[in-house]
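Chemist: Provided below: input32.pdb, containing PDB, N, CA and C atoms.
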ATOM      1  N   MET S   1     -15.043 -16.224  -3.038
ATOM      2  CA  MET S   1     -13.978 -15.343  -2.636
ATOM      3  C   MET S   1     -12.663 -15.952  -3.094
ATOM      4  N   TYR S   2     -11.815 -15.110  -3.624
ATOM      5  CA  TYR S   2     -10.492 -15.531  -4.096
ATOM      6  C   TYR S   2      -9.419 -14.962  -3.174
ATOM      7  N   HIS S   3      -8.458 -15.802  -2.823
ATOM      8  CA  HIS S   3      -7.306 -15.387  -2.024
ATOM      9  C   HIS S   3      -6.088 -15.455  -2.930
ATOM     10  N   VAL S   4      -5.324 -14.368  -2.989
ATOM     11  CA  VAL S   4      -4.142 -14.289  -3.837
ATOM     12  C   VAL S   4      -2.904 -14.324  -2.940
ATOM     13  N   TYR S   5      -2.003 -15.263  -3.243
ATOM     14  CA  TYR S   5      -0.767 -15.425  -2.478
ATOM     15  C   TYR S   5       0.434 -15.344  -3.409
ATOM     16  N   THR S   6       1.573 -14.950  -2.850
ATOM     17  CA  THR S   6       2.849 -15.114  -3.541
ATOM     18  C   THR S   6       3.666 -16.132  -2.761
ATOM     19  N   GLU S   7       4.506 -16.850  -3.484
ATOM     20  CA  GLU S   7       5.418 -17.816  -2.880
ATOM     21  C   GLU S   7       6.797 -17.604  -3.481
ATOM     22  N   LYS S   8       7.807 -17.939  -2.724
ATOM     23  CA  LYS S   8       9.175 -17.875  -3.246
ATOM     24  C   LYS S   8       9.646 -19.303  -3.500
ATOM     25  N   ASN S   9      10.040 -19.562  -4.735
ATOM     26  CA  ASN S   9      10.551 -20.874  -5.149
ATOM     27  C   ASN S   9       9.574 -22.011  -4.838
ATOM     28  N   TYR S  10       8.275 -21.764  -5.030
ATOM     29  CA  TYR S  10       7.215 -22.760  -4.861
ATOM     30  C   TYR S  10       7.174 -23.363  -3.457
ATOM     31  N   SER S  11       7.560 -22.614  -2.465
ATOM     32  CA  SER S  11       7.552 -23.075  -1.073
ATOM     33  C   SER S  11       6.330 -22.527  -0.345
ATOM     34  N   GLU S  12       5.481 -23.426   0.161
ATOM     35  CA  GLU S  12       4.296 -22.995   0.904
ATOM     36  C   GLU S  12       4.672 -22.263   2.187
ATOM     37  N   PHE S  13       5.866 -22.510   2.703
ATOM     38  CA  PHE S  13       6.301 -21.858   3.933
ATOM     39  C   PHE S  13       6.588 -20.370   3.727
ATOM     40  N   SER S  14       6.808 -19.966   2.479
ATOM     41  CA  SER S  14       7.069 -18.557   2.196
ATOM     42  C   SER S  14       5.830 -17.850   1.655
ATOM     43  N   ARG S  15       4.671 -18.477   1.770
ATOM     44  CA  ARG S  15       3.432 -17.933   1.210
ATOM     45  C   ARG S  15       3.010 -16.661   1.943
ATOM     46  N   THR S  16       2.678 -15.627   1.151
ATOM     47  CA  THR S  16       2.246 -14.337   1.679
ATOM     48  C   THR S  16       0.922 -13.950   1.021
ATOM     49  N   LEU S  17      -0.063 -13.597   1.831
ATOM     50  CA  LEU S  17      -1.360 -13.167   1.310
ATOM     51  C   LEU S  17      -1.228 -11.771   0.726
ATOM     52  N   ILE S  18      -1.651 -11.608  -0.530
ATOM     53  CA  ILE S  18      -1.600 -10.318  -1.211
ATOM     54  C   ILE S  18      -2.942  -9.606  -1.109
ATOM     55  N   CYS S  19      -4.036 -10.323  -1.417
ATOM     56  CA  CYS S  19      -5.354  -9.700  -1.338
ATOM     57  C   CYS S  19      -6.449 -10.757  -1.341
ATOM     58  N   GLU S  20      -7.659 -10.324  -1.008
ATOM     59  CA  GLU S  20      -8.870 -11.120  -1.100
ATOM     60  C   GLU S  20      -9.855 -10.331  -1.947
ATOM     61  N   THR S  21     -10.499 -11.002  -2.889
ATOM     62  CA  THR S  21     -11.439 -10.318  -3.757
ATOM     63  C   THR S  21     -12.507 -11.290  -4.236
ATOM     64  N   ASN S  22     -13.631 -10.754  -4.668
ATOM     65  CA  ASN S  22     -14.709 -11.573  -5.212
ATOM     66  C   ASN S  22     -14.633 -11.688  -6.729
ATOM     67  N   ASP S  23     -13.745 -10.948  -7.370
ATOM     68  CA  ASP S  23     -13.640 -10.892  -8.824
ATOM     69  C   ASP S  23     -12.387 -11.634  -9.287
ATOM     70  N   TYR S  24     -12.579 -12.661 -10.115
ATOM     71  CA  TYR S  24     -11.447 -13.465 -10.595
ATOM     72  C   TYR S  24     -10.478 -12.638 -11.430
ATOM     73  N   ASP S  25     -10.994 -11.796 -12.303
ATOM     74  CA  ASP S  25     -10.124 -10.974 -13.155
ATOM     75  C   ASP S  25      -9.252 -10.033 -12.330
ATOM     76  N   LYS S  26      -9.825  -9.469 -11.292
ATOM     77  CA  LYS S  26      -9.070  -8.584 -10.406
ATOM     78  C   LYS S  26      -7.997  -9.385  -9.644
ATOM     79  N   ALA S  27      -8.336 -10.607  -9.257
ATOM     80  CA  ALA S  27      -7.381 -11.469  -8.562
ATOM     81  C   ALA S  27      -6.192 -11.788  -9.463
ATOM     82  N   MET S  28      -6.463 -12.104 -10.741
ATOM     83  CA  MET S  28      -5.381 -12.391 -11.687
ATOM     84  C   MET S  28      -4.495 -11.165 -11.903
ATOM     85  N   GLU S  29      -5.130 -10.003 -12.005
ATOM     86  CA  GLU S  29      -4.383  -8.759 -12.193
ATOM     87  C   GLU S  29      -3.444  -8.499 -11.022
ATOM     88  N   LYS S  30      -3.963  -8.636  -9.802
ATOM     89  CA  LYS S  30      -3.140  -8.413  -8.596
ATOM     90  C   LYS S  30      -2.005  -9.432  -8.514
ATOM     91  N   ALA S  31      -2.303 -10.699  -8.852
ATOM     92  CA  ALA S  31      -1.305 -11.760  -8.772
ATOM     93  C   ALA S  31      -0.159 -11.511  -9.739
ATOM     94  N   GLU S  32      -0.499 -11.192 -10.980
ATOM     95  CA  GLU S  32       0.542 -10.953 -11.978
ATOM     96  C   GLU S  32       1.372  -9.722 -11.643
ATOM     97  N   LYS S  33       0.734  -8.698 -11.114
ATOM     98  CA  LYS S  33       1.457  -7.493 -10.719
ATOM     99  C   LYS S  33       2.399  -7.779  -9.540
ATOM    100  N   ALA S  34       1.969  -8.629  -8.616
ATOM    101  CA  ALA S  34       2.759  -8.918  -7.416
ATOM    102  C   ALA S  34       4.054  -9.652  -7.735
ATOM    103  N   VAL S  35       4.075 -10.468  -8.795
ATOM    104  CA  VAL S  35       5.279 -11.241  -9.104
ATOM    105  C   VAL S  35       6.063 -10.709 -10.299
ATOM    106  N   SER S  36       5.542  -9.685 -10.969
ATOM    107  CA  SER S  36       6.256  -9.169 -12.142
ATOM    108  C   SER S  36       7.586  -8.536 -11.733
ATOM    109  N   GLY S  37       8.633  -8.964 -12.401
ATOM    110  CA  GLY S  37       9.962  -8.429 -12.134
ATOM    111  C   GLY S  37      10.663  -9.037 -10.932
ATOM    112  N   LYS S  38      10.021  -9.981 -10.260
ATOM    113  CA  LYS S  38      10.638 -10.625  -9.092
ATOM    114  C   LYS S  38      11.021 -12.047  -9.459
ATOM    115  N   GLU S  39      12.302 -12.280  -9.574
ATOM    116  CA  GLU S  39      12.784 -13.598  -9.954
ATOM    117  C   GLU S  39      12.612 -14.587  -8.802
ATOM    118  N   GLY S  40      12.118 -15.781  -9.095
ATOM    119  CA  GLY S  40      11.941 -16.817  -8.085
ATOM    120  C   GLY S  40      10.602 -16.769  -7.383
ATOM    121  N   TYR S  41       9.747 -15.814  -7.718
ATOM    122  CA  TYR S  41       8.434 -15.713  -7.088
ATOM    123  C   TYR S  41       7.354 -16.209  -8.030
ATOM    124  N   ASN S  42       6.340 -16.853  -7.482
ATOM    125  CA  ASN S  42       5.185 -17.270  -8.250
ATOM    126  C   ASN S  42       3.922 -16.925  -7.455
ATOM    127  N   TYR S  43       2.783 -16.982  -8.118
ATOM    128  CA  TYR S  43       1.528 -16.682  -7.438
ATOM    129  C   TYR S  43       0.628 -17.908  -7.379
ATOM    130  N   VAL S  44      -0.274 -17.896  -6.403
ATOM    131  CA  VAL S  44      -1.286 -18.934  -6.237
ATOM    132  C   VAL S  44      -2.598 -18.222  -5.945
ATOM    133  N   ILE S  45      -3.651 -18.604  -6.666
ATOM    134  CA  ILE S  45      -4.978 -18.062  -6.407
ATOM    135  C   ILE S  45      -5.861 -19.217  -5.959
ATOM    136  N   GLU S  46      -6.440 -19.076  -4.775
ATOM    137  CA  GLU S  46      -7.329 -20.091  -4.222
ATOM    138  C   GLU S  46      -8.739 -19.535  -4.124
ATOM    139  N   GLU S  47      -9.717 -20.404  -4.362
ATOM    140  CA  GLU S  47     -11.118 -20.011  -4.250
ATOM    141  C   GLU S  47     -11.745 -20.731  -3.061
ATOM    142  N   THR S  48     -12.592 -20.029  -2.337
ATOM    143  CA  THR S  48     -13.304 -20.625  -1.217
ATOM    144  C   THR S  48     -14.732 -20.097  -1.192
ATOM    145  N   ASP S  49     -15.632 -20.924  -0.685
ATOM    146  CA  ASP S  49     -17.023 -20.481  -0.535
ATOM    147  C   ASP S  49     -17.376 -20.277   0.940
ATOM    148  N   GLY S  50     -16.372 -20.352   1.790
ATOM    149  CA  GLY S  50     -16.588 -20.132   3.218
ATOM    150  C   GLY S  50     -16.807 -21.418   4.003
ATOM    151  N   SER S  51     -16.847 -22.567   3.328
ATOM    152  CA  SER S  51     -17.031 -23.850   4.007
ATOM    153  C   SER S  51     -15.772 -24.225   4.772
ATOM    154  N   MET S  52     -15.975 -24.932   5.876
ATOM    155  CA  MET S  52     -14.845 -25.358   6.695
ATOM    156  C   MET S  52     -14.878 -26.866   6.880
ATOM    157  N   ASN S  53     -13.695 -27.443   7.091
ATOM    158  CA  ASN S  53     -13.613 -28.873   7.363
ATOM    159  C   ASN S  53     -13.825 -29.129   8.854
ATOM    160  N   SER S  54     -13.694 -30.369   9.274
ATOM    161  CA  SER S  54     -13.942 -30.719  10.666
ATOM    162  C   SER S  54     -12.913 -30.135  11.634
ATOM    163  N   TYR S  55     -11.794 -29.624  11.120
ATOM    164  CA  TYR S  55     -10.770 -28.992  11.950
ATOM    165  C   TYR S  55     -10.940 -27.476  12.034
ATOM    166  N   GLY S  56     -11.956 -26.935  11.370
ATOM    167  CA  GLY S  56     -12.197 -25.502  11.390
ATOM    168  C   GLY S  56     -11.365 -24.720  10.395
ATOM    169  N   GLU S  57     -10.745 -25.420   9.421
ATOM    170  CA  GLU S  57      -9.941 -24.772   8.404
ATOM    171  C   GLU S  57     -10.785 -24.546   7.148
ATOM    172  N   LEU S  58     -10.557 -23.429   6.455
ATOM    173  CA  LEU S  58     -11.273 -23.137   5.218
ATOM    174  C   LEU S  58     -10.957 -24.193   4.163
ATOM    175  N   ILE S  59     -11.972 -24.620   3.436
ATOM    176  CA  ILE S  59     -11.776 -25.515   2.320
ATOM    177  C   ILE S  59     -11.530 -24.658   1.088
ATOM    178  N   THR S  60     -10.371 -24.830   0.472
ATOM    179  CA  THR S  60      -9.995 -24.003  -0.682
ATOM    180  C   THR S  60      -9.668 -24.893  -1.880
ATOM    181  N   THR S  61      -9.775 -24.296  -3.052
ATOM    182  CA  THR S  61      -9.418 -24.946  -4.302
ATOM    183  C   THR S  61      -8.481 -24.026  -5.065
ATOM    184  N   VAL S  62      -7.348 -24.533  -5.508
ATOM    185  CA  VAL S  62      -6.416 -23.731  -6.297
ATOM    186  C   VAL S  62      -7.005 -23.606  -7.702
ATOM    187  N   VAL S  63      -7.211 -22.354  -8.135
ATOM    188  CA  VAL S  63      -7.789 -22.103  -9.461
ATOM    189  C   VAL S  63      -6.771 -21.567 -10.450
ATOM    190  N   ALA S  64      -5.651 -21.052  -9.967
ATOM    191  CA  ALA S  64      -4.590 -20.558 -10.854
ATOM    192  C   ALA S  64      -3.264 -20.590 -10.104
ATOM    193  N   LYS S  65      -2.218 -20.901 -10.857
ATOM    194  CA  LYS S  65      -0.877 -20.973 -10.270
ATOM    195  C   LYS S  65       0.127 -20.677 -11.363
ATOM    196  N   SER S  66       1.153 -19.905 -11.028
ATOM    197  CA  SER S  66       2.170 -19.612 -12.045
ATOM    198  C   SER S  66       3.354 -20.528 -11.872
TER     199      SER S  66
END
Would you kindly transcribe this structure into structure tokens?

Modeler:
Amino acid sequence: MYHVYTEKNYSEFSRTLICETNDYDKAMEKAEKAVSGKEGYNYVIEETDGSMNSYGELITTVVAKS
């Protein structure tokens, strides 16, 4: 599963979830569309397999970032 986020000025505190999808190509399409024409915004795509750490948080891997 891929989670697509936007951030403003590379700040994790401004991260907003755009969508969740199982298709990487669809995730890239949504990410690029979400930041097109918006100055100062970038996207982050994280992949997860549903595994959690000892704190109950999802284990994610960043697979794409603008």

Chemist: Report as a ChimeraX atom specification the full result of the PyMOL selection byres ((chain S and resi 21) around 5) when it is applied to this structure.

Modeler: /S:1-2,19-20,22-23

Chemist: Written as a list in words, what is the full residue list that the PyMOL selection byres ((chain S and resi 6) around 8) yields on the file shown?

Modeler: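 Matching residues under the PyMOL selection byres ((chain S and resi 6) around 8) are His3, Val4, Tyr5, Glu7, Lys8, Asn9, Tyr10, Ser11, Glu12, Ser14, Arg15, Thr16, Leu17, Ile18, Cys19, Ala31, Ala34, Val35, Tyr41, Asn42, Tyr43, Val44 and Ile45 of chain S.
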
Chemist: Okay, now the selection with N, CA and C atoms, as a short mmCIF file (atom, residue, chain, number, x, y, z; two decimals), in the frame of the given file?

Modeler:
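So the final result, stored in result.cif, reads:
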data_model
loop_
_atom_site.label_atom_id
_atom_site.label_comp_id
_atom_site.auth_asym_id
_atom_site.auth_seq_id
_atom_site.Cartn_x
_atom_site.Cartn_y
_atom_site.Cartn_z
N HIS S 3 -8.46 -15.80 -2.82
CA HIS S 3 -7.31 -15.39 -2.02
C HIS S 3 -6.09 -15.46 -2.93
N VAL S 4 -5.32 -14.37 -2.99
CA VAL S 4 -4.14 -14.29 -3.84
C VAL S 4 -2.90 -14.32 -2.94
N TYR S 5 -2.00 -15.26 -3.24
CA TYR S 5 -0.77 -15.42 -2.48
C TYR S 5 0.43 -15.34 -3.41
N GLU S 7 4.51 -16.85 -3.48
CA GLU S 7 5.42 -17.82 -2.88
C GLU S 7 6.80 -17.60 -3.48
N LYS S 8 7.81 -17.94 -2.72
CA LYS S 8 9.18 -17.88 -3.25
C LYS S 8 9.65 -19.30 -3.50
N ASN S 9 10.04 -19.56 -4.74
CA ASN S 9 10.55 -20.87 -5.15
C ASN S 9 9.57 -22.01 -4.84
N TYR S 10 8.28 -21.76 -5.03
CA TYR S 10 7.22 -22.76 -4.86
C TYR S 10 7.17 -23.36 -3.46
N SER S 11 7.56 -22.61 -2.46
CA SER S 11 7.55 -23.08 -1.07
C SER S 11 6.33 -22.53 -0.34
N GLU S 12 5.48 -23.43 0.16
CA GLU S 12 4.30 -23.00 0.90
C GLU S 12 4.67 -22.26 2.19
N SER S 14 6.81 -19.97 2.48
CA SER S 14 7.07 -18.56 2.20
C SER S 14 5.83 -17.85 1.66
N ARG S 15 4.67 -18.48 1.77
CA ARG S 15 3.43 -17.93 1.21
C ARG S 15 3.01 -16.66 1.94
N THR S 16 2.68 -15.63 1.15
CA THR S 16 2.25 -14.34 1.68
C THR S 16 0.92 -13.95 1.02
N LEU S 17 -0.06 -13.60 1.83
CA LEU S 17 -1.36 -13.17 1.31
C LEU S 17 -1.23 -11.77 0.73
N ILE S 18 -1.65 -11.61 -0.53
CA ILE S 18 -1.60 -10.32 -1.21
C ILE S 18 -2.94 -9.61 -1.11
N CYS S 19 -4.04 -10.32 -1.42
CA CYS S 19 -5.35 -9.70 -1.34
C CYS S 19 -6.45 -10.76 -1.34
N ALA S 31 -2.30 -10.70 -8.85
CA ALA S 31 -1.30 -11.76 -8.77
C ALA S 31 -0.16 -11.51 -9.74
N ALA S 34 1.97 -8.63 -8.62
CA ALA S 34 2.76 -8.92 -7.42
C ALA S 34 4.05 -9.65 -7.74
N VAL S 35 4.08 -10.47 -8.80
CA VAL S 35 5.28 -11.24 -9.10
C VAL S 35 6.06 -10.71 -10.30
N TYR S 41 9.75 -15.81 -7.72
CA TYR S 41 8.43 -15.71 -7.09
C TYR S 41 7.35 -16.21 -8.03
N ASN S 42 6.34 -16.85 -7.48
CA ASN S 42 5.18 -17.27 -8.25
C ASN S 42 3.92 -16.92 -7.46
N TYR S 43 2.78 -16.98 -8.12
CA TYR S 43 1.53 -16.68 -7.44
C TYR S 43 0.63 -17.91 -7.38
N VAL S 44 -0.27 -17.90 -6.40
CA VAL S 44 -1.29 -18.93 -6.24
C VAL S 44 -2.60 -18.22 -5.94
N ILE S 45 -3.65 -18.60 -6.67
CA ILE S 45 -4.98 -18.06 -6.41
C ILE S 45 -5.86 -19.22 -5.96
#

Chemist: Tell me which of S:Asp25, S:Glu32, S:Glu46, S:Glu39 sits closest to Thr60 in chain S, counting only N, CA and C atoms.

Modeler: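 Checking each of S:Asp25, S:Glu32, S:Glu46, S:Glu39 against Thr60 in chain S, counting only N, CA and C atoms, the winner is S:Glu46.
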
Chemist: DSSP on the backbone, helix (DSSP H, G or I) only: what residues of chain S does that give? Format it as a PyMOL selection string.

Modeler: chain S and resi 24-35

Chemist: How would the residues just chosen look if you wrote them out with N, CA and C atoms as a PDB file, in the frame of the given file?

Modeler:
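Writing done, so here's selection.pdb:
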ATOM      1  N   TYR S  24     -12.579 -12.661 -10.115  1.00  0.00           N
ATOM      2  CA  TYR S  24     -11.447 -13.465 -10.595  1.00  0.00           C
ATOM      3  C   TYR S  24     -10.478 -12.638 -11.430  1.00  0.00           C
ATOM      4  N   ASP S  25     -10.994 -11.796 -12.303  1.00  0.00           N
ATOM      5  CA  ASP S  25     -10.124 -10.974 -13.155  1.00  0.00           C
ATOM      6  C   ASP S  25      -9.252 -10.033 -12.330  1.00  0.00           C
ATOM      7  N   LYS S  26      -9.825  -9.469 -11.292  1.00  0.00           N
ATOM      8  CA  LYS S  26      -9.070  -8.584 -10.406  1.00  0.00           C
ATOM      9  C   LYS S  26      -7.997  -9.385  -9.644  1.00  0.00           C
ATOM     10  N   ALA S  27      -8.336 -10.607  -9.257  1.00  0.00           N
ATOM     11  CA  ALA S  27      -7.381 -11.469  -8.562  1.00  0.00           C
ATOM     12  C   ALA S  27      -6.192 -11.788  -9.463  1.00  0.00           C
ATOM     13  N   MET S  28      -6.463 -12.104 -10.741  1.00  0.00           N
ATOM     14  CA  MET S  28      -5.381 -12.391 -11.687  1.00  0.00           C
ATOM     15  C   MET S  28      -4.495 -11.165 -11.903  1.00  0.00           C
ATOM     16  N   GLU S  29      -5.130 -10.003 -12.005  1.00  0.00           N
ATOM     17  CA  GLU S  29      -4.383  -8.759 -12.193  1.00  0.00           C
ATOM     18  C   GLU S  29      -3.444  -8.499 -11.022  1.00  0.00           C
ATOM     19  N   LYS S  30      -3.963  -8.636  -9.802  1.00  0.00           N
ATOM     20  CA  LYS S  30      -3.140  -8.413  -8.596  1.00  0.00           C
ATOM     21  C   LYS S  30      -2.005  -9.432  -8.514  1.00  0.00           C
ATOM     22  N   ALA S  31      -2.303 -10.699  -8.852  1.00  0.00           N
ATOM     23  CA  ALA S  31      -1.305 -11.760  -8.772  1.00  0.00           C
ATOM     24  C   ALA S  31      -0.159 -11.511  -9.739  1.00  0.00           C
ATOM     25  N   GLU S  32      -0.499 -11.192 -10.980  1.00  0.00           N
ATOM     26  CA  GLU S  32       0.542 -10.953 -11.978  1.00  0.00           C
ATOM     27  C   GLU S  32       1.372  -9.722 -11.643  1.00  0.00           C
ATOM     28  N   LYS S  33       0.734  -8.698 -11.114  1.00  0.00           N
ATOM     29  CA  LYS S  33       1.457  -7.493 -10.719  1.00  0.00           C
ATOM     30  C   LYS S  33       2.399  -7.779  -9.540  1.00  0.00           C
ATOM     31  N   ALA S  34       1.969  -8.629  -8.616  1.00  0.00           N
ATOM     32  CA  ALA S  34       2.759  -8.918  -7.416  1.00  0.00           C
ATOM     33  C   ALA S  34       4.054  -9.652  -7.735  1.00  0.00           C
ATOM     34  N   VAL S  35       4.075 -10.468  -8.795  1.00  0.00           N
ATOM     35  CA  VAL S  35       5.279 -11.241  -9.104  1.00  0.00           C
ATOM     36  C   VAL S  35       6.063 -10.709 -10.299  1.00  0.00           C
TER      37      VAL S  35
END

Chemist: What does the structure give for the distance between CA of Gly50 in chain S and CA of Val62 in chain S, in Å to one decimal?

Modeler: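 Taking CA of Gly50 in chain S as the start and CA of Val62 in chain S as the end point, the length is 14.4 Å.
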
Chemist: Would you mind reading off the distance between CA of Thr48 in chain S and CA of Ser36 in chain S, one decimal, in Å?

Modeler: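 CA of Thr48 in chain S sits 25.2 Å away from CA of Ser36 in chain S.
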
Chemist: Expressed in Å to a single decimal, how great is the separation between CA of Met52 in chain S and CA of Met28 in chain S?

Modeler: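 Answer for the CA of Met52 in chain S to CA of Met28 in chain S separation: 24.4 Å.
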
Chemist: If you run DSSP over the backbone, which residues in chain S end up strand (DSSP E or B)? Put them as a PyMOL selection string.

Modeler: chain S and resi 2-8+11-21+41-52+58-65

Chemist: Got a sec to write chain S of the block to a file, C-alpha atoms, as a compact mmCIF listing (two decimals), in the first residue's frame?

Modeler:
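Full text of decode-v1.txt as output:
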# COMPACT_ATOMS: atom_id res chain seq x y z
CA MET S 1 0.00 0.00 0.00
CA TYR S 2 1.26 3.45 -0.91
CA HIS S 3 0.45 6.60 1.06
CA VAL S 4 0.74 9.91 -0.81
CA TYR S 5 1.41 13.08 1.19
CA THR S 6 2.05 16.72 0.39
CA GLU S 7 4.33 18.91 2.48
CA LYS S 8 4.96 22.63 2.47
CA ASN S 9 8.64 23.63 2.39
CA TYR S 10 9.76 20.07 3.31
CA SER S 11 8.20 20.31 6.78
CA GLU S 12 6.81 17.07 8.21
CA PHE S 13 4.54 19.16 10.44
CA SER S 14 2.64 20.38 7.38
CA ARG S 15 2.20 16.87 5.94
CA THR S 16 -1.26 16.16 4.50
CA LEU S 17 -2.48 12.74 3.33
CA ILE S 18 -3.72 12.91 -0.27
CA CYS S 19 -4.59 9.27 -0.97
CA GLU S 20 -3.86 5.59 -0.34
CA THR S 21 -3.51 3.19 -3.23
CA ASN S 22 -2.06 -0.20 -4.14
CA ASP S 23 -0.75 1.00 -7.53
CA TYR S 24 2.58 2.86 -7.64
CA ASP S 25 1.84 4.54 -10.98
CA LYS S 26 -1.47 5.86 -9.68
CA ALA S 27 0.29 7.13 -6.54
CA MET S 28 2.84 9.03 -8.65
CA GLU S 29 0.07 10.50 -10.79
CA LYS S 30 -1.88 11.73 -7.74
CA ALA S 31 1.30 13.12 -6.12
CA GLU S 32 2.38 15.10 -9.16
CA LYS S 33 -1.13 16.44 -9.68
CA ALA S 34 -1.39 17.50 -6.02
CA VAL S 35 1.72 19.71 -6.16
CA SER S 36 1.53 21.00 -9.73
CA GLY S 37 1.29 24.77 -9.81
CA LYS S 38 1.75 25.11 -6.04
CA GLU S 39 4.97 26.86 -5.17
CA GLY S 40 6.74 25.58 -2.04
CA TYR S 41 4.92 22.23 -1.98
CA ASN S 42 6.49 18.82 -2.48
CA TYR S 43 5.19 15.26 -2.34
CA VAL S 44 6.24 12.16 -0.41
CA ILE S 45 5.17 8.62 -1.26
CA GLU S 46 5.59 5.99 1.45
CA GLU S 47 5.13 2.25 1.09
CA THR S 48 3.93 -0.04 3.86
CA ASP S 49 3.07 -3.72 4.10
CA GLY S 50 0.96 -3.29 7.23
CA SER S 51 3.73 -4.23 9.70
CA MET S 52 3.94 -2.30 12.94
CA ASN S 53 6.77 -1.54 15.33
CA SER S 54 6.70 -2.15 19.08
CA TYR S 55 4.91 1.20 19.59
CA GLY S 56 2.03 0.25 17.29
CA GLU S 57 3.11 2.62 14.51
CA LEU S 58 3.13 1.56 10.84
CA ILE S 59 6.56 0.79 9.44
CA THR S 60 6.93 2.79 6.23
CA THR S 61 9.60 3.29 3.59
CA VAL S 62 9.85 6.45 1.49
CA VAL S 63 9.87 5.35 -2.16
CA ALA S 64 9.56 8.74 -3.88
CA LYS S 65 10.03 12.36 -2.89
CA SER S 66 10.06 15.58 -4.86
